[in-house]
Every structure is written in structure tokens, then in C-alpha cells.
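Structure, as C-alpha cells:
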Amino acid sequence: MEVKDSHISFSSDYKGLKSLHGRDSMRANKLLDVALQSWKLGQYTDITISVGGQTFKAHRIILTSLSDFFHPLMQLDDKGTGVVKLGNNIEPADFAVLLEFAYTGQVEITTENVQNLLVSADYLQVDYVKHECIKFMQRYLDLDNIFDVLTLASNHSLVELKACAVEFFKRNLDKISKCKQFVAEFFYSDDLVLYENNLNLISTERECLILTAVLRYLSGQPKENITIIDRLIKSVRLAQLPMSQINNCLDKCKSLRKHKVIKKYVKLREGIKQGEPVKSGSDIPEAWTRPRKLACSEIFVGNRRYADGGEVAACPEPPSFLYQDPNIRLRKIEIWTRRWSSSIVIAGLTLTYDNPLLPGTVHVSTFGSEERAIKRYQIELEPDEFIIKSVIRSGWLIDSLSFTTNKRKNLGPFGGNGGNEYSESAASGTLSYLYDICCDTVITEGSKAIYNLMFRWIKFM
């Protein structure tokens, strides 16, 4: 005869306790240990990865936990063969190290495998191993491997490693005596991106740093080599630098100021009007006619649209942005205000942009108009000044605008004090600033005003 267990009742009076939530802290480790043992024994594996002619059995769930790279890769096995093939970007030995890391969480990095392992981890998006390889390389940077590390970082867009290598390069220019040809090629590169205080430099700031580094390098050479001096000075885009900056750099290396080669190129620079395109000629260095590229960049839209609907008009769509070139920079803003009912609002904007890589190139955008304007404001930014914060007051229309620059200048507010206050800022931790402003124009109370306004920001990585 089967005896059923009777239902056990528990008192709920004990300190109000009605349930208990338990968590086994060893469960995750146990799961990984079982997966590791199963992998070693070849049990329950459900995928085979083919790398460079070699095959590796694994568990799909382990690979997809390793990085986002493997999620779409698992979908490639559409025929149900259980086999997927990696490209030619990775060697079998490097994949073996990363596969073992997937099951153990441990990786051994050595001087022999760090370079290939870094490239493979970057390709497969295994971030932990990638960053550990970068830290390893940074720790062991020296005069013998600096050029190889710079080449590796540039070829694979490893920004963090490249920034560290460039800093090492700059600090040790006076000690680097071999591979002089490479030094010149390094500074000639149109793709050269330099960093200072973890921010990438652009335009004149970058070129001034290069000139300083070249002069420091030349000052530290035991023997004068006319060919090397000529090649290095030509690699600096002196035409992009104001003469005041060039003289400041030369004042720090007075032994070179009177050198005949340097005097020759400084004189050529004096004959070029600042801001004008440099034309090639028999004496003008060819590198001076080519702009250097900026770092990788992203243009992103701000938090919201301002004055995008209501009594004035409804705006279901964002305004049409005019520019996409990351090289253009906002240099000037003109603002007109007008009365609207009993309030002061923004009647119009004129935005002026330049392009430091194409001196003399100017873009102008105008929204609204000066019609019935009661006041006009003008903001003109310095060459190395950018807007990093915007404050907006808006309701049915744009009531006022104000800005803060990287030089800690507060500009505004321009307009009235109606509406609600909002703010937007550039991205932190990198070079970032206001890229452009776009809006629509509406006629209200017989004249134009702006509304449906959006900011776009740019950041360099």
C-alpha cells in the first residue's frame, strides 16, 4: 500500500520570512569546468571550426560566449554539416590559444606569440585578450621594436597601442639613431595621427608637434647629415603653421635656426599666404601640397529635436543635414532675434564652416532671416576653439541659444528667457565638438523664425 507524503505546513510568523532566494557561487565555475572536460574528451561538441587547413571541435555555446564575432558565424552552417571556416586573417596556432582561453579564462602571452595573438584577438573581437596583448606590448616597448609596433598599430587601427607608441617615439627621438629613413617616412605619412593627453590632434596642433619632434631629433644627432635634415624638414607641413608658431619652435632649438637648409624652407614658408592652397612648384616640397588625414571619426545626432511641433506647425521629420565631411569645422555663428507675441525668439541663423585641409574653402548655411530682427549677435571661434556644450531654451519656437567652448568661454545666452531649458554636450574622453546645427524655417506672425532644430556632434577615435 502506497503512503503519500502529507503536506507540511510552515509558520509564516518567523520574522516575516516567506521565501528564500539562494545562489550557488560555484555554479558558474562548475559549468565551465564541465565544459572544459567535455571539450578535452571530445564529448557533446556540436561545431567544427576550420582554420588554415586544421579543424577544431568546440561547443557553440562556449564560442558565442567568447565574442560577438561568433554569433553570425554559427549561422553560416546552413547545410547542417556542423563545420564553419574562418578566413585567412588568423593562424591555427593563434586560434588554438584563443579557443583554450574560451574554456579556461586563462591566456599565456609571450614575446613570441603576442603580435599574432593580438591581430587574431582583434579580428575575432576577443577584447580581454586583445587588451592584455596591448598592455604586454606597451610594457616592453623599446628602441629596437618601436618602429615595428608603430607599423602594426597603424596597419590594424589599434588606436590605444598607436597612441602609446607615438608617445614613446616622441619621448625618445633623441635616442633613436638607427633607421633614419624610417623616421622620415613616419613624418611624411598623410595618415599620421598624433595624440596628446589621450586626445588626437588635428591641423596646426599636430603639425606644431611634428615640427617640435623633428627639431628635437635633429638637435640630438651627433653628426650633421644634410640629406636627413632636408628630408625631415620637408616632411613637416610648414604651410599649415603660422609663422609665429614656427618661430616659437625654432627658439627652442636655436642651434638649428641659422642652418642653411632650415632657413631655406622657412623663407619658402614666408612666401606663402596663410590659409591659401599650396601649389606645387620647383622649390615647394611636394608634401606641403597634400593635407594629412584626420583620425577615424563619427558624426552623431544630439539628444532631441527642439521646437518640433505645437501651435506653430508640426514637424514629423528631422531637418535635412547638409554636410558629412568630417574635415569641415564650424567657425562662425550669426544669430538674429525677433519678437513673437510677447516673447523674444531666434529669427535666423547663419553658420560658416571652413576646412583646414582645403584652405580657403568656406561653407555657409542660413536658416530664417533678418526680417523684423531686433538684435544681431556674432560668434567667431578661434582656429583651435570648438563648441563642447550647447544650452537651448525652446517651446513652440527656439527662445535662446548659448554655448561653451573648449577654452572655457561661455557665449550667450542669445535670445529670450521663454520655454524650457535643455543642454547637450560633446562626447567625453576623446576629441569631440559641435559639428553642425540644422533646423527648419517657419513663417509665424508674418515673418520667419527657426524651429525643428537639431545639433550634430563629431568625435574622433
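Chain labels run A, B, ... following the order of the C-alpha cells; each chain numbers its residues from 1, and ligands are numbered from 1 in the order shown.
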
Show which residues sit within 8 Å of Cys438 (chain A), as a tab-separated table (two decimals) with N, CA, C and O atoms, in the first residue's frame. Count only C-alpha atoms, and ignore same-chain residues fewer than 3 positions away.
chain	number	residue	atom	x	y	z
A	319	PRO	N	15.16	67.82	-39.50
A	319	PRO	CA	15.63	68.69	-40.60
A	319	PRO	C	16.66	67.96	-41.46
A	319	PRO	O	17.23	66.95	-41.05
A	320	SER	N	16.88	68.46	-42.67
A	320	SER	CA	17.82	67.84	-43.60
A	320	SER	C	19.22	68.37	-43.36
A	320	SER	O	19.47	69.57	-43.51
A	321	PHE	N	20.13	67.48	-42.98
A	321	PHE	CA	21.51	67.90	-42.73
A	321	PHE	C	22.25	68.04	-44.06
A	321	PHE	O	22.04	67.29	-45.00
A	453	LEU	N	14.84	72.25	-34.55
A	453	LEU	CA	16.30	72.39	-34.55
A	453	LEU	C	16.96	71.15	-33.96
A	453	LEU	O	16.49	70.57	-32.98
A	454	MET	N	18.09	70.74	-34.57
A	454	MET	CA	18.89	69.63	-34.06
A	454	MET	C	20.37	69.98	-34.13
A	454	MET	O	20.81	70.72	-35.01
A	455	PHE	N	21.11	69.42	-33.19
A	455	PHE	CA	22.57	69.54	-33.19
A	455	PHE	C	23.16	68.21	-33.63
A	455	PHE	O	22.64	67.14	-33.34

Applying 12 Å and only C-alpha atoms, which residues near Ala93 (chain A) remain after dropping the ones on its own chain fewer than 3 positions away? List them as a PyMOL selection string. chain A and resi 51-56+90+96-100+112-114+116-117+120

List the neighbours of Arg456 (chain A) out to 10 Å using only C-alpha atoms; skip same-chain residues closer than 3 positions along the sequence, and give me the result as a VMD selection string. chain A and resid 299 to 303 321 424 426 433 to 438

Those same residues, written as a PDB file, in the first residue's frame with N, CA, C and O atoms?
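Output file part09.pdb is given in full below:
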ATOM      1  N   ILE A 299      30.078  61.062 -36.776  1.00  0.00           N
ATOM      2  CA  ILE A 299      29.164  62.189 -36.618  1.00  0.00           C
ATOM      3  C   ILE A 299      27.870  61.637 -36.041  1.00  0.00           C
ATOM      4  O   ILE A 299      27.284  60.716 -36.609  1.00  0.00           O
ATOM      5  N   PHE A 300      27.441  62.170 -34.918  1.00  0.00           N
ATOM      6  CA  PHE A 300      26.242  61.626 -34.277  1.00  0.00           C
ATOM      7  C   PHE A 300      25.257  62.745 -33.928  1.00  0.00           C
ATOM      8  O   PHE A 300      25.646  63.882 -33.657  1.00  0.00           O
ATOM      9  N   VAL A 301      23.986  62.388 -33.966  1.00  0.00           N
ATOM     10  CA  VAL A 301      22.910  63.352 -33.716  1.00  0.00           C
ATOM     11  C   VAL A 301      22.726  63.514 -32.217  1.00  0.00           C
ATOM     12  O   VAL A 301      22.920  62.586 -31.434  1.00  0.00           O
ATOM     13  N   GLY A 302      22.347  64.737 -31.817  1.00  0.00           N
ATOM     14  CA  GLY A 302      22.153  65.040 -30.407  1.00  0.00           C
ATOM     15  C   GLY A 302      20.928  64.374 -29.812  1.00  0.00           C
ATOM     16  O   GLY A 302      20.307  63.490 -30.398  1.00  0.00           O
ATOM     17  N   ASN A 303      20.548  64.837 -28.639  1.00  0.00           N
ATOM     18  CA  ASN A 303      19.528  64.157 -27.844  1.00  0.00           C
ATOM     19  C   ASN A 303      18.122  64.236 -28.427  1.00  0.00           C
ATOM     20  O   ASN A 303      17.340  63.306 -28.313  1.00  0.00           O
ATOM     21  N   PHE A 321      20.134  67.477 -42.981  1.00  0.00           N
ATOM     22  CA  PHE A 321      21.509  67.895 -42.731  1.00  0.00           C
ATOM     23  C   PHE A 321      22.250  68.044 -44.055  1.00  0.00           C
ATOM     24  O   PHE A 321      22.039  67.291 -44.998  1.00  0.00           O
ATOM     25  N   GLU A 424      23.048  69.953 -24.282  1.00  0.00           N
ATOM     26  CA  GLU A 424      23.737  68.836 -24.930  1.00  0.00           C
ATOM     27  C   GLU A 424      25.228  69.105 -24.865  1.00  0.00           C
ATOM     28  O   GLU A 424      25.662  70.264 -24.882  1.00  0.00           O
ATOM     29  N   ALA A 426      29.428  67.545 -25.972  1.00  0.00           N
ATOM     30  CA  ALA A 426      30.268  66.681 -26.795  1.00  0.00           C
ATOM     31  C   ALA A 426      30.592  65.408 -26.025  1.00  0.00           C
ATOM     32  O   ALA A 426      30.435  65.342 -24.804  1.00  0.00           O
ATOM     33  N   TYR A 433      33.359  67.686 -30.579  1.00  0.00           N
ATOM     34  CA  TYR A 433      32.841  69.053 -30.552  1.00  0.00           C
ATOM     35  C   TYR A 433      31.599  69.151 -31.439  1.00  0.00           C
ATOM     36  O   TYR A 433      31.240  68.204 -32.143  1.00  0.00           O
ATOM     37  N   LEU A 434      30.942  70.314 -31.377  1.00  0.00           N
ATOM     38  CA  LEU A 434      29.740  70.552 -32.177  1.00  0.00           C
ATOM     39  C   LEU A 434      30.119  70.587 -33.659  1.00  0.00           C
ATOM     40  O   LEU A 434      30.942  71.400 -34.078  1.00  0.00           O
ATOM     41  N   TYR A 435      29.507  69.702 -34.429  1.00  0.00           N
ATOM     42  CA  TYR A 435      29.817  69.608 -35.859  1.00  0.00           C
ATOM     43  C   TYR A 435      28.962  70.571 -36.677  1.00  0.00           C
ATOM     44  O   TYR A 435      29.478  71.342 -37.481  1.00  0.00           O
ATOM     45  N   ASP A 436      27.649  70.526 -36.504  1.00  0.00           N
ATOM     46  CA  ASP A 436      26.799  71.473 -37.219  1.00  0.00           C
ATOM     47  C   ASP A 436      25.445  71.612 -36.525  1.00  0.00           C
ATOM     48  O   ASP A 436      25.118  70.867 -35.601  1.00  0.00           O
ATOM     49  N   ILE A 437      24.699  72.596 -36.979  1.00  0.00           N
ATOM     50  CA  ILE A 437      23.345  72.865 -36.500  1.00  0.00           C
ATOM     51  C   ILE A 437      22.439  72.876 -37.722  1.00  0.00           C
ATOM     52  O   ILE A 437      22.793  73.434 -38.762  1.00  0.00           O
ATOM     53  N   CYS A 438      21.289  72.254 -37.597  1.00  0.00           N
ATOM     54  CA  CYS A 438      20.345  72.286 -38.707  1.00  0.00           C
ATOM     55  C   CYS A 438      18.940  72.502 -38.157  1.00  0.00           C
ATOM     56  O   CYS A 438      18.625  72.079 -37.036  1.00  0.00           O
TER      57      CYS A 438
END

Members of region 398-453 of chain A assigned strand (DSSP E) by DSSP, as JSON, numbers by chain: {"A": [398, 399, 400, 401, 402, 403, 404, 405, 410, 411, 412, 413, 414, 415, 420, 421, 422, 423, 424, 425, 432, 433, 434, 435, 436, 437, 438, 439, 440, 441, 442, 443, 444, 447, 448, 449, 450, 451, 452, 453]}

Close residues, region 128-142 of chain A itself excluded, 6 Å, only C-alpha atoms, min 4 positions apart in chain, as an NGL selection string: :A and (114 or 118 or 121-122 or 146)

How would the residues just chosen look if you wrote them out with N, CA, C and O atoms as a PDB file, in the first residue's frame?
ATOM      1  N   VAL A 114      52.830  37.295 -29.017  1.00  0.00           N
ATOM      2  CA  VAL A 114      51.999  38.458 -28.727  1.00  0.00           C
ATOM      3  C   VAL A 114      51.514  39.167 -29.991  1.00  0.00           C
ATOM      4  O   VAL A 114      50.360  39.596 -30.070  1.00  0.00           O
ATOM      5  N   LEU A 118      47.607  39.214 -30.869  1.00  0.00           N
ATOM      6  CA  LEU A 118      46.902  40.499 -30.858  1.00  0.00           C
ATOM      7  C   LEU A 118      46.074  40.677 -32.126  1.00  0.00           C
ATOM      8  O   LEU A 118      44.902  41.065 -32.070  1.00  0.00           O
ATOM      9  N   ALA A 121      43.104  38.218 -31.937  1.00  0.00           N
ATOM     10  CA  ALA A 121      42.109  38.632 -30.946  1.00  0.00           C
ATOM     11  C   ALA A 121      41.335  39.847 -31.421  1.00  0.00           C
ATOM     12  O   ALA A 121      40.122  39.964 -31.183  1.00  0.00           O
ATOM     13  N   ASP A 122      42.024  40.750 -32.117  1.00  0.00           N
ATOM     14  CA  ASP A 122      41.340  41.925 -32.667  1.00  0.00           C
ATOM     15  C   ASP A 122      40.345  41.492 -33.748  1.00  0.00           C
ATOM     16  O   ASP A 122      39.208  41.967 -33.785  1.00  0.00           O
ATOM     17  N   ILE A 146      60.205  49.797 -31.599  1.00  0.00           N
ATOM     18  CA  ILE A 146      59.223  50.879 -31.692  1.00  0.00           C
ATOM     19  C   ILE A 146      58.655  51.021 -33.102  1.00  0.00           C
ATOM     20  O   ILE A 146      57.450  51.201 -33.297  1.00  0.00           O
TER      21      ILE A 146
END

Within 8 Å of region 304-318 of chain A: each region 342-402 of chain A residue with its shortest pair, only C-alpha atoms, as a tab-separated table:
residue	atom	partner	partner_atom	distance
A:Ser394	CA	A:Ala307	CA	5.9
A:Gly395	CA	A:Ala307	CA	5.6
A:Trp396	CA	A:Ala307	CA	5.1
A:Leu397	CA	A:Ala307	CA	5.0
A:Ile398	CA	A:Ala307	CA	6.2

At a cut-off of 12 Å, using only C-alpha atoms, what residues contact Ser447 (chain A)? Leave out same-chain residues fewer than 4 positions from it and give the result as a PyMOL selection string. chain A and resi 337-340+345-348+368-373+441-443

What gap, in Å, lies between CA of Leu358 (chain A) and CA of Ile333 (chain A)? 20.4 Å

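CA of Thr48 (chain A) to CA of Val83 (chain A) spans 4.6 Å [interatomic distance, one decimal].
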
Point-to-point distance from CA of Lys254 (chain A) to CA of Pro285 (chain A), Å rounded to tenths: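 Separating CA of Lys254 (chain A) from CA of Pro285 (chain A) is a distance of 23.4 Å.
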
Can you pull out the residues contacting Phe69 (chain A)? Cut-off 12 Å, using only C-alpha atoms, and skip same-chain residues under 5 positions away; I want them as a count of residues only. 13

Can you list, as a PyMOL selection string, every protein, DNA or RNA residue that comes within 8 Å of Leu250 (chain A) when you count only C-alpha atoms, leaving out same-chain residues fewer than 5 positions away? chain A and resi 215+256-257
